[in-house]
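Visitor: What follows is upload-v6.cif, made up of mmCIF, C-alpha atoms:
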```
data_query
#
loop_
_atom_site.label_atom_id
_atom_site.label_comp_id
_atom_site.auth_asym_id
_atom_site.auth_seq_id
_atom_site.Cartn_x
_atom_site.Cartn_y
_atom_site.Cartn_z
CA MET A 30 28.08 6.14 7.47
CA LYS A 31 31.85 6.25 7.99
CA TYR A 32 31.60 5.76 11.76
CA ILE A 33 33.96 8.64 12.60
CA ASP A 34 32.92 12.13 11.48
CA GLU A 35 29.26 11.57 12.37
CA PHE A 36 30.34 11.16 15.98
CA ARG A 37 32.38 14.38 16.08
CA ASP A 38 29.74 17.06 15.41
CA PRO A 39 31.11 20.04 17.41
CA ALA A 40 27.75 21.83 17.76
CA LEU A 41 26.11 18.74 19.22
CA ALA A 42 29.08 18.15 21.50
CA GLN A 43 28.70 21.69 22.83
CA GLN A 44 25.04 21.03 23.58
CA TRP A 45 25.93 17.87 25.47
CA ILE A 46 28.44 19.78 27.57
CA VAL A 47 25.81 22.39 28.49
CA GLN A 48 23.35 19.64 29.34
CA ILE A 49 25.87 17.77 31.51
CA HIS A 50 26.57 20.95 33.51
CA ARG A 51 22.83 21.51 33.86
CA ASP A 52 22.17 17.93 35.04
CA ALA A 53 25.14 17.88 37.41
CA ALA A 54 23.92 21.09 39.08
CA ARG A 55 20.86 19.18 40.30
CA ARG A 56 23.02 17.14 42.62
CA HIS A 57 23.95 18.69 45.94
CA GLY A 58 27.38 17.44 46.87
CA ALA A 59 30.53 18.82 48.41
CA ARG A 60 32.63 17.73 45.45
CA PRO A 61 32.17 17.32 41.71
CA ILE A 62 30.68 14.13 40.32
CA ARG A 63 33.79 12.00 39.97
CA LEU A 64 33.92 9.47 37.14
CA MET A 65 36.79 7.20 36.23
CA GLU A 66 37.66 6.57 32.62
CA PHE A 67 39.14 3.10 32.92
CA CYS A 68 40.60 2.94 29.45
CA GLY A 69 43.79 4.65 28.28
CA GLY A 70 42.21 5.20 24.88
CA HIS A 71 39.52 7.26 26.59
CA THR A 72 42.15 9.14 28.59
CA HIS A 73 43.88 10.07 25.34
CA ALA A 74 40.64 11.12 23.61
CA ILE A 75 39.37 13.09 26.64
CA SER A 76 42.65 15.02 26.82
CA ARG A 77 42.87 15.51 23.08
CA PHE A 78 39.37 16.95 22.78
CA GLY A 79 39.76 19.02 25.97
CA LEU A 80 36.75 17.38 27.64
CA ARG A 81 38.25 17.36 31.14
CA GLU A 82 38.47 21.13 31.17
CA LEU A 83 35.11 21.65 29.46
CA LEU A 84 33.30 19.56 32.07
CA ALA A 85 34.99 21.02 35.16
CA PRO A 86 33.98 21.86 37.81
CA ALA A 87 30.72 19.90 37.49
CA VAL A 88 32.35 16.62 36.60
CA GLU A 89 35.82 15.39 37.43
CA LEU A 90 37.30 12.74 35.14
CA ARG A 91 39.88 10.59 36.88
CA SER A 92 42.11 8.37 34.74
CA GLY A 93 42.30 4.68 35.57
CA PRO A 94 44.63 1.72 34.96
CA GLY A 95 43.55 0.93 31.39
CA CYS A 96 46.93 1.27 29.73
CA PRO A 97 48.45 -2.21 29.28
CA VAL A 98 51.96 -0.87 28.75
CA CYS A 99 51.71 1.22 31.93
CA VAL A 100 50.48 -1.59 34.17
CA THR A 101 53.20 -4.00 33.04
CA ALA A 102 55.29 -4.67 36.13
CA ALA A 103 58.95 -3.64 35.87
CA ALA A 104 59.96 -7.15 37.02
CA ASP A 105 58.05 -8.69 34.09
CA LEU A 106 59.64 -6.27 31.66
CA ASP A 107 63.07 -7.20 33.06
CA ARG A 108 62.28 -10.85 32.32
CA ALA A 109 61.33 -9.98 28.74
CA ILE A 110 64.55 -8.02 28.25
CA ALA A 111 66.55 -10.96 29.65
CA MET A 112 64.84 -13.23 27.08
CA ALA A 113 65.70 -10.82 24.28
CA ASP A 114 69.34 -11.13 25.34
CA VAL A 115 69.34 -14.94 24.91
CA PRO A 116 71.32 -15.84 21.72
CA GLY A 117 69.07 -17.22 18.98
CA VAL A 118 65.96 -15.44 20.28
CA ILE A 119 63.99 -12.93 18.26
CA LEU A 120 61.74 -10.97 20.60
CA ALA A 121 58.69 -9.48 18.89
CA THR A 122 56.34 -6.98 20.49
CA PHE A 123 54.17 -3.91 19.95
CA GLY A 124 55.96 -0.59 19.44
CA ASP A 125 54.67 0.90 22.68
CA MET A 126 56.74 -1.53 24.74
CA MET A 127 60.10 -0.50 23.34
CA ARG A 128 60.74 2.59 25.41
CA VAL A 129 59.30 1.44 28.74
CA PRO A 130 62.05 1.56 31.33
CA GLY A 131 62.74 -1.68 33.20
CA SER A 132 65.05 -1.62 36.19
CA ALA A 133 68.10 -1.76 33.88
CA GLY A 134 67.09 -0.12 30.61
CA THR A 135 64.59 -0.62 27.83
CA LEU A 136 64.09 -3.03 24.93
CA TYR A 137 65.70 -0.35 22.73
CA ASP A 138 68.80 -0.61 24.95
CA ALA A 139 68.74 -4.39 24.50
CA ARG A 140 68.58 -3.91 20.73
CA GLY A 141 71.49 -1.46 20.96
CA ARG A 142 73.68 -4.17 22.47
CA GLY A 143 72.80 -6.63 19.74
CA ALA A 144 69.56 -8.32 20.81
CA ASP A 145 67.13 -9.02 17.95
CA VAL A 146 64.01 -7.10 19.00
CA ARG A 147 61.33 -6.45 16.40
CA ILE A 148 58.29 -4.23 16.44
CA VAL A 149 55.21 -5.80 14.90
CA TYR A 150 51.71 -4.54 14.23
CA SER A 151 50.01 -7.90 14.69
CA PRO A 152 50.75 -11.27 16.33
CA LEU A 153 50.30 -12.68 12.81
CA ASP A 154 53.36 -10.68 11.69
CA ALA A 155 55.39 -12.37 14.43
CA LEU A 156 54.13 -15.77 13.29
CA GLU A 157 55.33 -14.89 9.80
CA ILE A 158 58.79 -14.05 11.21
CA ALA A 159 58.81 -17.50 12.85
CA ARG A 160 58.06 -19.16 9.50
CA ARG A 161 60.87 -17.25 7.83
CA HIS A 162 63.45 -17.97 10.56
CA PRO A 163 63.02 -21.67 11.42
CA GLN A 164 66.45 -21.79 13.09
CA GLN A 165 65.55 -19.10 15.60
CA SER A 166 63.15 -18.95 18.53
CA ILE A 167 60.52 -16.24 18.22
CA VAL A 168 59.21 -15.00 21.56
CA PHE A 169 56.21 -12.70 21.46
CA LEU A 170 56.10 -10.32 24.40
CA GLY A 171 52.32 -10.22 24.78
CA VAL A 172 50.74 -7.30 26.60
CA GLY A 173 47.18 -6.13 26.39
CA PHE A 174 43.72 -6.67 27.79
CA GLU A 175 40.74 -8.69 26.59
CA THR A 176 40.83 -6.72 23.31
CA THR A 177 44.31 -7.92 22.38
CA ALA A 178 44.56 -11.40 23.92
CA PRO A 179 42.15 -13.17 21.49
CA GLY A 180 44.38 -12.23 18.54
CA MET A 181 47.34 -13.66 20.40
CA ALA A 182 45.33 -16.82 21.09
CA ALA A 183 44.42 -17.07 17.40
CA ALA A 184 48.09 -16.74 16.37
CA LEU A 185 49.18 -19.46 18.84
CA LEU A 186 46.46 -21.82 17.64
CA GLN A 187 47.43 -21.03 14.05
CA ALA A 188 51.04 -21.96 14.88
CA GLU A 189 49.74 -25.26 16.29
CA ALA A 190 47.60 -25.98 13.23
CA ASP A 191 50.38 -25.08 10.76
CA GLY A 192 53.14 -26.84 12.73
CA VAL A 193 55.33 -23.78 13.37
CA PRO A 194 57.35 -24.99 16.37
CA ASN A 195 59.54 -21.92 17.03
CA PHE A 196 56.82 -19.50 18.13
CA SER A 197 56.16 -18.85 21.82
CA LEU A 198 54.50 -16.26 24.04
CA LEU A 199 55.52 -14.49 27.21
CA SER A 200 52.00 -13.74 28.34
CA LEU A 201 51.64 -10.54 30.32
CA HIS A 202 48.00 -10.31 29.19
CA LYS A 203 45.62 -8.99 31.80
CA LEU A 204 41.89 -8.86 32.55
CA THR A 205 40.23 -5.55 33.28
CA PRO A 206 37.33 -6.25 35.69
CA PRO A 207 39.63 -7.48 38.51
CA ALA A 208 41.64 -4.22 38.38
CA MET A 209 38.43 -2.16 38.52
CA ARG A 210 37.36 -4.23 41.48
CA ALA A 211 40.75 -3.74 43.19
CA ILE A 212 40.37 0.05 42.94
CA LEU A 213 36.88 -0.04 44.44
CA GLU A 214 37.91 -2.46 47.19
CA ALA A 215 40.92 -0.30 48.14
CA GLY A 216 38.66 2.72 48.52
CA GLU A 217 41.53 5.18 47.99
CA VAL A 218 39.44 7.29 45.62
CA ALA A 219 35.69 7.86 45.88
CA LEU A 220 34.07 7.24 42.49
CA ASP A 221 30.48 7.96 41.42
CA GLY A 222 30.57 6.15 38.08
CA ILE A 223 32.76 4.35 35.58
CA ILE A 224 33.26 4.97 31.86
CA GLY A 225 33.62 1.38 30.66
CA PRO A 226 36.27 0.44 28.07
CA GLY A 227 34.65 0.18 24.63
CA HIS A 228 36.96 -2.21 22.85
CA VAL A 229 37.49 -4.49 25.83
CA SER A 230 33.69 -4.67 26.00
CA ALA A 231 33.46 -5.52 22.28
CA ILE A 232 35.05 -8.83 23.35
CA THR A 233 33.69 -9.35 26.87
CA GLY A 234 30.27 -7.78 26.31
CA SER A 235 28.82 -4.93 28.34
CA ALA A 236 27.45 -7.59 30.71
CA ALA A 237 30.99 -8.03 32.10
CA TRP A 238 30.45 -4.79 34.06
CA GLU A 239 27.18 -5.79 35.74
CA PHE A 240 29.07 -6.35 38.99
CA LEU A 241 29.63 -2.59 39.30
CA PRO A 242 25.97 -1.64 39.92
CA ARG A 243 25.17 -4.97 41.57
CA GLU A 244 28.00 -5.14 44.10
CA TYR A 245 29.19 -1.54 44.39
CA GLY A 246 26.03 0.40 43.58
CA ILE A 247 27.69 2.55 40.92
CA PRO A 248 26.72 3.02 37.27
CA CYS A 249 28.94 2.10 34.33
CA ALA A 250 28.56 3.47 30.80
CA VAL A 251 30.40 1.56 28.08
CA ALA A 252 31.63 4.16 25.60
CA GLY A 253 33.13 4.55 22.15
CA PHE A 254 36.05 6.85 21.47
CA GLU A 255 34.68 9.81 19.52
CA PRO A 256 33.70 13.00 21.36
CA LEU A 257 29.95 12.38 21.12
CA ASP A 258 30.44 8.80 22.30
CA ILE A 259 32.32 9.92 25.39
CA LEU A 260 30.01 12.85 26.11
CA SER A 261 26.87 10.77 25.80
CA ALA A 262 28.38 8.19 28.20
CA ILE A 263 29.26 10.95 30.69
CA GLY A 264 25.81 12.46 30.24
CA ALA A 265 24.17 9.11 30.97
CA LEU A 266 26.36 8.59 34.04
CA VAL A 267 25.64 12.07 35.43
CA ARG A 268 21.90 11.52 35.03
CA ALA A 269 22.21 8.12 36.75
CA VAL A 270 24.22 9.61 39.63
CA VAL A 271 21.73 12.46 40.10
CA ALA A 272 18.81 10.02 40.04
CA GLY A 273 20.60 7.65 42.41
CA GLU A 274 20.24 4.81 39.91
CA ALA A 275 22.97 2.33 39.14
CA ALA A 276 23.01 0.26 35.95
CA VAL A 277 25.22 -0.71 33.04
CA ILE A 278 24.47 1.58 30.11
CA ASN A 279 25.80 0.72 26.65
CA THR A 280 26.38 3.88 24.63
CA TYR A 281 28.55 2.03 22.09
CA ALA A 282 25.94 -0.38 20.79
CA ARG A 283 27.23 -0.20 17.21
CA GLY A 284 30.31 -2.17 18.28
CA VAL A 285 29.42 -3.71 21.66
CA ARG A 286 26.81 -6.40 22.24
CA PRO A 287 25.70 -7.33 25.76
CA GLN A 288 27.33 -10.77 25.47
CA GLY A 289 30.34 -9.59 23.46
CA ASN A 290 32.17 -11.53 20.78
CA LEU A 291 31.61 -15.22 21.50
CA VAL A 292 34.15 -16.43 18.92
CA ALA A 293 36.86 -14.30 20.55
CA GLN A 294 35.85 -15.57 23.99
CA GLN A 295 36.20 -19.16 22.74
CA LEU A 296 39.68 -18.40 21.39
CA LEU A 297 40.66 -17.03 24.81
CA ALA A 298 39.32 -20.11 26.56
CA ARG A 299 41.18 -22.48 24.23
CA ALA A 300 44.57 -20.83 24.68
CA PHE A 301 44.54 -19.32 28.15
CA ALA A 302 43.68 -20.06 31.75
CA VAL A 303 42.96 -17.34 34.28
CA ALA A 304 45.94 -16.78 36.60
CA PRO A 305 47.28 -14.19 39.05
CA ALA A 306 49.09 -11.23 37.47
CA ASP A 307 51.47 -8.55 38.71
CA TRP A 308 50.22 -5.02 37.99
CA ARG A 309 52.37 -1.93 38.33
CA GLY A 310 50.92 0.16 41.11
CA PHE A 311 48.77 -2.67 42.45
CA GLY A 312 50.99 -5.69 43.01
CA VAL A 313 49.64 -9.16 42.32
CA ILE A 314 45.88 -9.25 41.68
CA PRO A 315 44.34 -12.75 41.83
CA ASP A 316 42.57 -14.04 38.70
CA SER A 317 43.57 -10.95 36.71
CA GLY A 318 45.97 -12.48 34.18
CA LEU A 319 45.99 -14.94 31.31
CA ALA A 320 48.52 -17.78 31.42
CA LEU A 321 48.94 -20.32 28.63
CA ARG A 322 46.98 -23.52 29.07
CA GLN A 323 48.83 -26.76 29.79
CA THR A 324 48.05 -27.91 26.23
CA LEU A 325 50.20 -25.00 24.95
CA ALA A 326 52.94 -25.32 27.60
CA HIS A 327 55.49 -25.91 24.81
CA ARG A 328 54.74 -22.38 23.59
CA ASP A 329 55.02 -20.75 27.00
CA ALA A 330 58.15 -18.59 26.94
CA ALA A 331 58.08 -18.40 30.73
CA ARG A 332 58.76 -22.17 30.75
CA LEU A 333 61.09 -22.28 27.76
CA PHE A 334 63.29 -19.53 29.20
CA PRO A 335 63.02 -19.82 32.95
CA ILE A 336 64.22 -16.45 34.15
CA GLU A 337 63.58 -15.60 37.73
CA ALA A 338 61.48 -12.47 38.27
CA ARG A 339 63.47 -10.30 40.65
CA PRO A 340 61.81 -7.50 42.56
CA ALA A 341 62.45 -4.33 40.57
CA PRO A 342 62.64 -1.01 42.40
CA GLN A 343 60.42 1.81 41.15
CA PRO A 344 62.22 4.86 39.76
CA THR A 345 62.77 7.36 42.58
CA GLY A 346 59.92 9.84 42.87
CA CYS A 347 57.83 8.27 40.10
CA ARG A 348 54.17 8.08 41.09
CA CYS A 349 52.96 6.11 38.09
CA GLY A 350 51.41 3.55 40.45
CA ASP A 351 49.31 6.19 42.21
CA VAL A 352 48.23 7.58 38.83
CA LEU A 353 47.21 4.09 37.67
CA ARG A 354 45.07 3.53 40.78
CA GLY A 355 43.40 6.90 40.22
CA VAL A 356 44.62 8.18 43.59
CA ILE A 357 46.30 11.24 42.06
CA THR A 358 46.28 13.03 38.73
CA PRO A 359 49.55 13.33 36.78
CA THR A 360 49.99 16.99 37.76
CA ASP A 361 50.15 15.94 41.43
CA CYS A 362 53.46 14.18 40.75
CA ALA A 363 56.53 16.30 41.59
CA LEU A 364 58.42 14.93 38.57
CA PHE A 365 55.68 15.81 36.04
CA ARG A 366 56.94 18.27 33.39
CA ARG A 367 59.98 19.13 35.54
CA VAL A 368 61.98 15.93 35.25
CA CYS A 369 59.58 13.61 33.46
CA SER A 370 58.46 14.31 29.89
CA PRO A 371 57.76 12.19 26.81
CA ARG A 372 61.36 12.78 25.68
CA THR A 373 62.84 11.74 29.02
CA PRO A 374 60.17 9.55 30.60
CA VAL A 375 60.78 8.32 34.14
CA GLY A 376 57.81 5.97 34.28
CA PRO A 377 55.65 4.13 31.73
CA CYS A 378 52.65 6.47 32.18
CA MET A 379 54.75 9.07 30.34
CA VAL A 380 55.96 6.60 27.69
CA SER A 381 52.77 5.17 26.23
CA THR A 382 50.60 7.60 24.27
CA GLU A 383 47.69 6.17 26.26
CA GLY A 384 49.40 6.78 29.58
CA ALA A 385 47.68 9.46 31.63
CA CYS A 386 50.94 11.40 32.14
CA ALA A 387 51.68 11.53 28.41
CA ALA A 388 48.10 12.62 27.64
CA TYR A 389 48.18 15.38 30.27
CA PHE A 390 51.62 16.49 29.09
CA GLN A 391 50.63 16.74 25.48
CA TYR A 392 47.16 18.28 25.76
CA GLU A 393 46.36 19.69 29.22
CA MET B 14 46.73 -0.19 22.98
CA CYS B 15 43.07 -1.11 22.73
CA LEU B 16 42.81 1.24 19.78
CA ALA B 17 40.51 -0.23 17.16
CA ILE B 18 39.78 1.60 13.95
CA PRO B 19 36.54 1.42 11.96
CA THR B 20 37.25 0.50 8.37
CA GLN B 21 35.39 -0.99 5.42
CA ILE B 22 36.09 -4.44 3.99
CA THR B 23 36.77 -4.29 0.26
CA GLU B 24 37.66 -7.95 -0.38
CA ILE B 25 37.61 -11.33 1.40
CA ASP B 26 39.72 -14.31 0.34
CA GLU B 27 39.15 -18.02 0.96
CA GLN B 28 41.38 -17.99 4.07
CA GLN B 29 39.08 -15.56 5.93
CA MET B 30 41.54 -12.74 5.33
CA ALA B 31 40.05 -9.39 4.34
CA THR B 32 41.55 -6.43 2.56
CA VAL B 33 41.01 -3.05 4.21
CA THR B 34 42.58 0.40 4.01
CA LEU B 35 44.06 1.69 7.26
CA GLY B 36 45.56 5.17 7.33
CA GLY B 37 45.81 5.16 3.55
CA VAL B 38 47.68 1.84 3.53
CA GLU B 39 46.10 -1.34 2.21
CA ARG B 40 46.33 -4.18 4.75
CA ARG B 41 45.16 -7.74 5.07
CA ILE B 42 43.37 -8.52 8.31
CA SER B 43 42.01 -11.71 9.80
CA LEU B 44 38.27 -12.32 10.09
CA VAL B 45 38.69 -15.35 12.38
CA MET B 46 36.78 -13.50 15.15
CA THR B 47 34.07 -12.11 12.88
CA PRO B 48 33.15 -14.94 10.47
CA GLU B 49 29.85 -13.16 9.71
CA ALA B 50 31.63 -10.16 8.11
CA GLN B 51 30.82 -9.41 4.45
CA VAL B 52 32.40 -7.24 1.78
CA GLY B 53 31.12 -3.70 2.35
CA ASP B 54 30.75 -4.11 6.12
CA TYR B 55 32.59 -1.80 8.47
CA VAL B 56 34.61 -3.61 11.12
CA LEU B 57 36.68 -2.53 14.13
CA VAL B 58 40.28 -3.53 13.46
CA HIS B 59 42.72 -4.24 16.30
CA THR B 60 46.24 -5.69 15.86
CA GLY B 61 45.41 -7.25 12.51
CA TYR B 62 42.05 -8.76 13.48
CA ALA B 63 38.49 -7.57 12.99
CA ILE B 64 37.07 -7.73 16.52
CA ALA B 65 33.52 -6.53 15.76
CA VAL B 66 31.27 -5.87 12.79
CA LEU B 67 29.79 -2.40 13.23
CA ASP B 68 26.00 -2.32 13.27
CA PRO B 69 24.69 0.50 11.04
CA ALA B 70 21.21 0.43 12.63
CA GLU B 71 22.69 0.86 16.12
CA ALA B 72 24.98 3.63 14.87
CA GLN B 73 21.99 5.44 13.37
CA ALA B 74 20.01 5.00 16.58
CA SER B 75 22.86 6.52 18.61
CA LEU B 76 23.13 9.49 16.26
CA GLU B 77 19.38 10.07 16.54
CA THR B 78 19.62 9.98 20.35
CA PHE B 79 22.43 12.53 20.23
CA ALA B 80 20.35 14.82 18.02
CA GLU B 81 17.21 14.45 20.16
CA LEU B 82 19.09 15.98 23.04
CA ALA B 83 19.68 19.06 20.93
CA VAL B 84 15.95 19.40 20.27
CA ILE B 85 15.06 18.94 23.94
CA GLN B 86 17.62 21.54 24.88
CA GLU B 87 16.27 24.07 22.44
CA GLU B 88 12.85 23.63 24.01
CA LEU B 89 14.31 24.03 27.50
CA ASP B 90 16.07 27.23 26.47
CA GLN B 91 12.86 28.54 24.92
CA ARG B 92 10.89 27.80 28.05
CA ALA B 93 13.55 29.49 30.19
CA ASP B 94 13.28 32.56 27.98
CA GLU B 95 9.51 32.60 28.34
CA ILE B 96 9.71 32.42 32.15
CA HIS B 97 12.23 35.25 32.43
#
```
Could I get this file's structure written as structure tokens?
Guide:
Amino acid sequence: MKYIDEFRDPALAQQWIVQIHRDAARRHGARPIRLMEFCGGHTHAISRFGLRELLAPAVELRSGPGCPVCVTAAADLDRAIAMADVPGVILATFGDMMRVPGSAGTLYDARGRGADVRIVYSPLDALEIARRHPQQSIVFLGVGFETTAPGMAAALLQAEADGVPNFSLLSLHKLTPPAMRAILEAGEVALDGIIGPGHVSAITGSAAWEFLPREYGIPCAVAGFEPLDILSAIGALVRAVVAGEAAVINTYARGVRPQGNLVAQQLLARAFAVAPADWRGFGVIPDSGLALRQTLAHRDAARLFPIEARPAPQPTGCRCGDVLRGVITPTDCALFRRVCSPRTPVGPCMVSTEGACAAYFQYE
Amino acid sequence: MCLAIPTQITEIDEQQMATVTLGGVERRISLVMTPEAQVGDYVLVHTGYAIAVLDPAEAQASLETFAELAVIQEELDQRADEIH
């Protein structure tokens, strides 16, 4: 078992596709069964394996807000860039953040004018930079959902334990269930089911999605990222929709337990408190962000470098926000392919490889 | 961003750091979130941390479910042929 190839069997995938069409035909509706893939990793995989096209017109897959880079508010990015410009600061972040346009340029632009901005693979790499540069202040620009935030928490607690004073976090970490709830509450797009994010759920547990059937009457299938994982989740959702049954279905049981990873949840609770967060395309969603706890206030870059968040205008014509809320697909945007491409991205959904616009551009 | 790659642990040191191979490159990752992980286990790796130990029994069960569908479908196709 290598956990990859076994889940890519093309002949089996083809049979699942036939079966999904067959099951979906049993439902009499004016429109296709519309499912949202919350997670940007699923968006990328669905586009890459051509599943959207193979399942049309029976099933429509609508991309959601599950791309942390994409949902980072421009005003927050502007604050991070302003911190990078402070003399003596080394700003560390994940590579995906470098090319995201703020209202006045990107982190690459900041680096071009002399700011020390470093791409790291892990928060632990940034902690290592802090150890090696005791005279400088290392600010980690932290983006990411429940999957990523526990590692950040572990690095902060490690800095505490090892007495590394010059390591702080600008936390733009966000929680996924509140965004899913915001989409359903807004009612801008009618959804029949949700493909739940697999690696978020590895931390939170599949139980975190129980509110979907309970409060909104729609099924959720937590899925892995290989073609058979995604197809079996879609197959389970289609059957649930046809039967009129709503439940949380875990099709990624090899990595996701109902209660999730309790150690990771404890790390989150020790480092972070739930707070409001600003989401691109949504605005501020209550209880959807992770702010540093009072006990770690001395590592909170937002306090160490108080930079006012100014309202940042959206790029003219960019409909990234509508894409993130699932109201439109990337091809509905007038800029898509004409003005906006991965080489000259207007909005973040075209920058990140997990952004819906980048996935559609590359594969669809 | 939430990309996590399944990979096998080849070594664990006394600081709960494991050695794995990712994309052909040997890396050290933290097991702080998966203290139960053993050498030989496959784990999901995300930003330098193992976030879950993969369960081989569950993986096998999923694969069997996928394959069962194929059998059911063959039967359905056969029946459809018989009717027509």
Visitor: Residues near region 265-269 of chain A, anyone? I mean within 9 Å using all atoms listed in the file, not counting same-chain ones fewer than 3 positions away, as a PDB file with C-alpha atoms, in the frame of the given file.
Guide:
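Contents of the output file selection-v1.pdb:
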```pdb
ATOM      1  CA  ILE A  49      25.870  17.770  31.510  1.00  0.00           C
ATOM      2  CA  ASP A  52      22.170  17.930  35.040  1.00  0.00           C
ATOM      3  CA  ALA A  53      25.140  17.880  37.410  1.00  0.00           C
ATOM      4  CA  ILE A  62      30.680  14.130  40.320  1.00  0.00           C
ATOM      5  CA  LEU A  64      33.920   9.470  37.140  1.00  0.00           C
ATOM      6  CA  VAL A  88      32.350  16.620  36.600  1.00  0.00           C
ATOM      7  CA  ASP A 221      30.480   7.960  41.420  1.00  0.00           C
ATOM      8  CA  GLY A 222      30.570   6.150  38.080  1.00  0.00           C
ATOM      9  CA  ILE A 223      32.760   4.350  35.580  1.00  0.00           C
ATOM     10  CA  ILE A 224      33.260   4.970  31.860  1.00  0.00           C
ATOM     11  CA  ILE A 247      27.690   2.550  40.920  1.00  0.00           C
ATOM     12  CA  PRO A 248      26.720   3.020  37.270  1.00  0.00           C
ATOM     13  CA  CYS A 249      28.940   2.100  34.330  1.00  0.00           C
ATOM     14  CA  ALA A 250      28.560   3.470  30.800  1.00  0.00           C
ATOM     15  CA  LEU A 260      30.010  12.850  26.110  1.00  0.00           C
ATOM     16  CA  SER A 261      26.870  10.770  25.800  1.00  0.00           C
ATOM     17  CA  ALA A 262      28.380   8.190  28.200  1.00  0.00           C
ATOM     18  CA  ALA A 272      18.810  10.020  40.040  1.00  0.00           C
ATOM     19  CA  GLY A 273      20.600   7.650  42.410  1.00  0.00           C
ATOM     20  CA  GLU A 274      20.240   4.810  39.910  1.00  0.00           C
ATOM     21  CA  ALA A 275      22.970   2.330  39.140  1.00  0.00           C
ATOM     22  CA  ALA A 276      23.010   0.260  35.950  1.00  0.00           C
ATOM     23  CA  ILE A 278      24.470   1.580  30.110  1.00  0.00           C
ATOM     24  CA  THR A 280      26.380   3.880  24.630  1.00  0.00           C
TER      25      THR A 280
END
```
Visitor: Which is closest to chain A among B:Thr34, B:Gln21, B:Gln91, B:Gln51, if we use only C-alpha atoms?
Guide: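 Going through B:Thr34, B:Gln21, B:Gln91, B:Gln51 one by one, the smallest distance to chain A is for B:Gln21.
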Visitor: Exactly which residues make up the result of the PyMOL selection byres ((chain A) within 7 of (chain B)) on this file, given as a list in words?
Guide: Tyr32, Leu41, Gln44, Gly70, Cys96, Pro97, Tyr150, Ser151, Gly173, Thr176, Thr177, Gly180, His228, Ala231, Ala282, Arg283, Gly284, Val292 and Ala293 of chain A
Visitor: Counting all atoms listed in the file, write as a PyMOL selection string all protein and nucleic acid residues lying at most 10 Å from (30.3, -11.4, 27.1) in the file's frame.
Guide: chain A and resi 230-238+285-291+293-294
Visitor: Could you please take those selected residues and save C-alpha atoms as a JSON list (two decimals), in the frame of the given file?
Guide:
```
[["chain", "number", "residue", "atom", "x", "y", "z"],
["A", 230, "SER", "CA", 33.69, -4.67, 26.00],
["A", 231, "ALA", "CA", 33.46, -5.52, 22.28],
["A", 232, "ILE", "CA", 35.05, -8.83, 23.35],
["A", 233, "THR", "CA", 33.69, -9.35, 26.87],
["A", 234, "GLY", "CA", 30.27, -7.78, 26.31],
["A", 235, "SER", "CA", 28.82, -4.93, 28.34],
["A", 236, "ALA", "CA", 27.45, -7.59, 30.71],
["A", 237, "ALA", "CA", 30.99, -8.03, 32.10],
["A", 238, "TRP", "CA", 30.45, -4.79, 34.06],
["A", 285, "VAL", "CA", 29.42, -3.71, 21.66],
["A", 286, "ARG", "CA", 26.81, -6.40, 22.24],
["A", 287, "PRO", "CA", 25.70, -7.33, 25.76],
["A", 288, "GLN", "CA", 27.33, -10.77, 25.47],
["A", 289, "GLY", "CA", 30.34, -9.59, 23.46],
["A", 290, "ASN", "CA", 32.17, -11.53, 20.78],
["A", 291, "LEU", "CA", 31.61, -15.22, 21.50],
["A", 293, "ALA", "CA", 36.86, -14.30, 20.55],
["A", 294, "GLN", "CA", 35.85, -15.57, 23.99]]
```
Visitor: Pull out every residue that the PyMOL selection byres ((chain A and resi 359) around 10) matches in the shown coordinates and put them as a list in words.
Guide: Ser92, Arg348, Cys349, Asp351, Val352, Leu353, Gly355, Val356, Ile357, Thr358, Thr360, Asp361, Cys362, Ala363, Leu364, Phe365, Arg366, Cys378, Met379, Gly384, Ala385, Cys386, Ala387, Ala388, Tyr389 and Phe390 of chain A
Visitor: Name the residues captured by the PyMOL selection byres ((chain A and resi 328) around 9) when it is applied to the shown file; answer as a PyMOL selection string.
Guide: chain A and resi 168+185+194-199+321+325-327+329-333
Visitor: If I take CA of Pro130 (chain A) and CA of Gly318 (chain A), how far is one from the other in Å, to one decimal?
Guide: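 Atom-to-atom, CA of Pro130 (chain A) to CA of Gly318 (chain A), that is 21.5 Å.
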Visitor: Given the choices A:Phe36, A:Leu186, A:Gly253, A:Asp258, which gets closest to Arg322 (chain A) if the distance is worked out from all atoms listed in the file?
Guide: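 Smallest distance to Arg322 (chain A) is found for A:Leu186.
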Visitor: CA of Asp307 (chain A) to CA of Cys99 (chain A): how many Å, to one decimal?
Guide: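 Atom-to-atom, CA of Asp307 (chain A) and CA of Cys99 (chain A) are spaced 11.9 Å apart.
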Visitor: Grab the CA of Gly216 (chain A) to CA of Ala302 (chain A) distance for me, in Å with one decimal place.
Guide: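 Between these atoms lies a distance of 28.7 Å.
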Visitor: Fewer than 2 positions away in the same chain doesn't count, so skip those; otherwise give me all residues within 7 Å of Phe67 (chain A), counting all atoms listed in the file, as a VMD selection string.
Guide: chain A and resid 65 69 92 to 95 224 to 226
Visitor: Have a look at A:Ala208, A:Ile75, A:Cys347, A:Val251 and name the one nearest to Val313 (chain A); count only C-alpha atoms.
Guide: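 Among the listed residues, the smallest separation from Val313 (chain A) belongs to A:Ala208.
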Visitor: Determine, counting only C-alpha atoms, every residue of protein, DNA or RNA that lies within 12 Å of (34.4, -9.9, -0.6) in the file coordinates, then give the result as a list in words.
Guide: Gln21, Ile22, Thr23, Glu24, Ile25, Asp26, Glu27, Gln28, Gln29, Met30, Ala31, Thr32, Val33, Leu44, Glu49, Ala50, Gln51, Val52, Gly53 and Asp54 of chain B
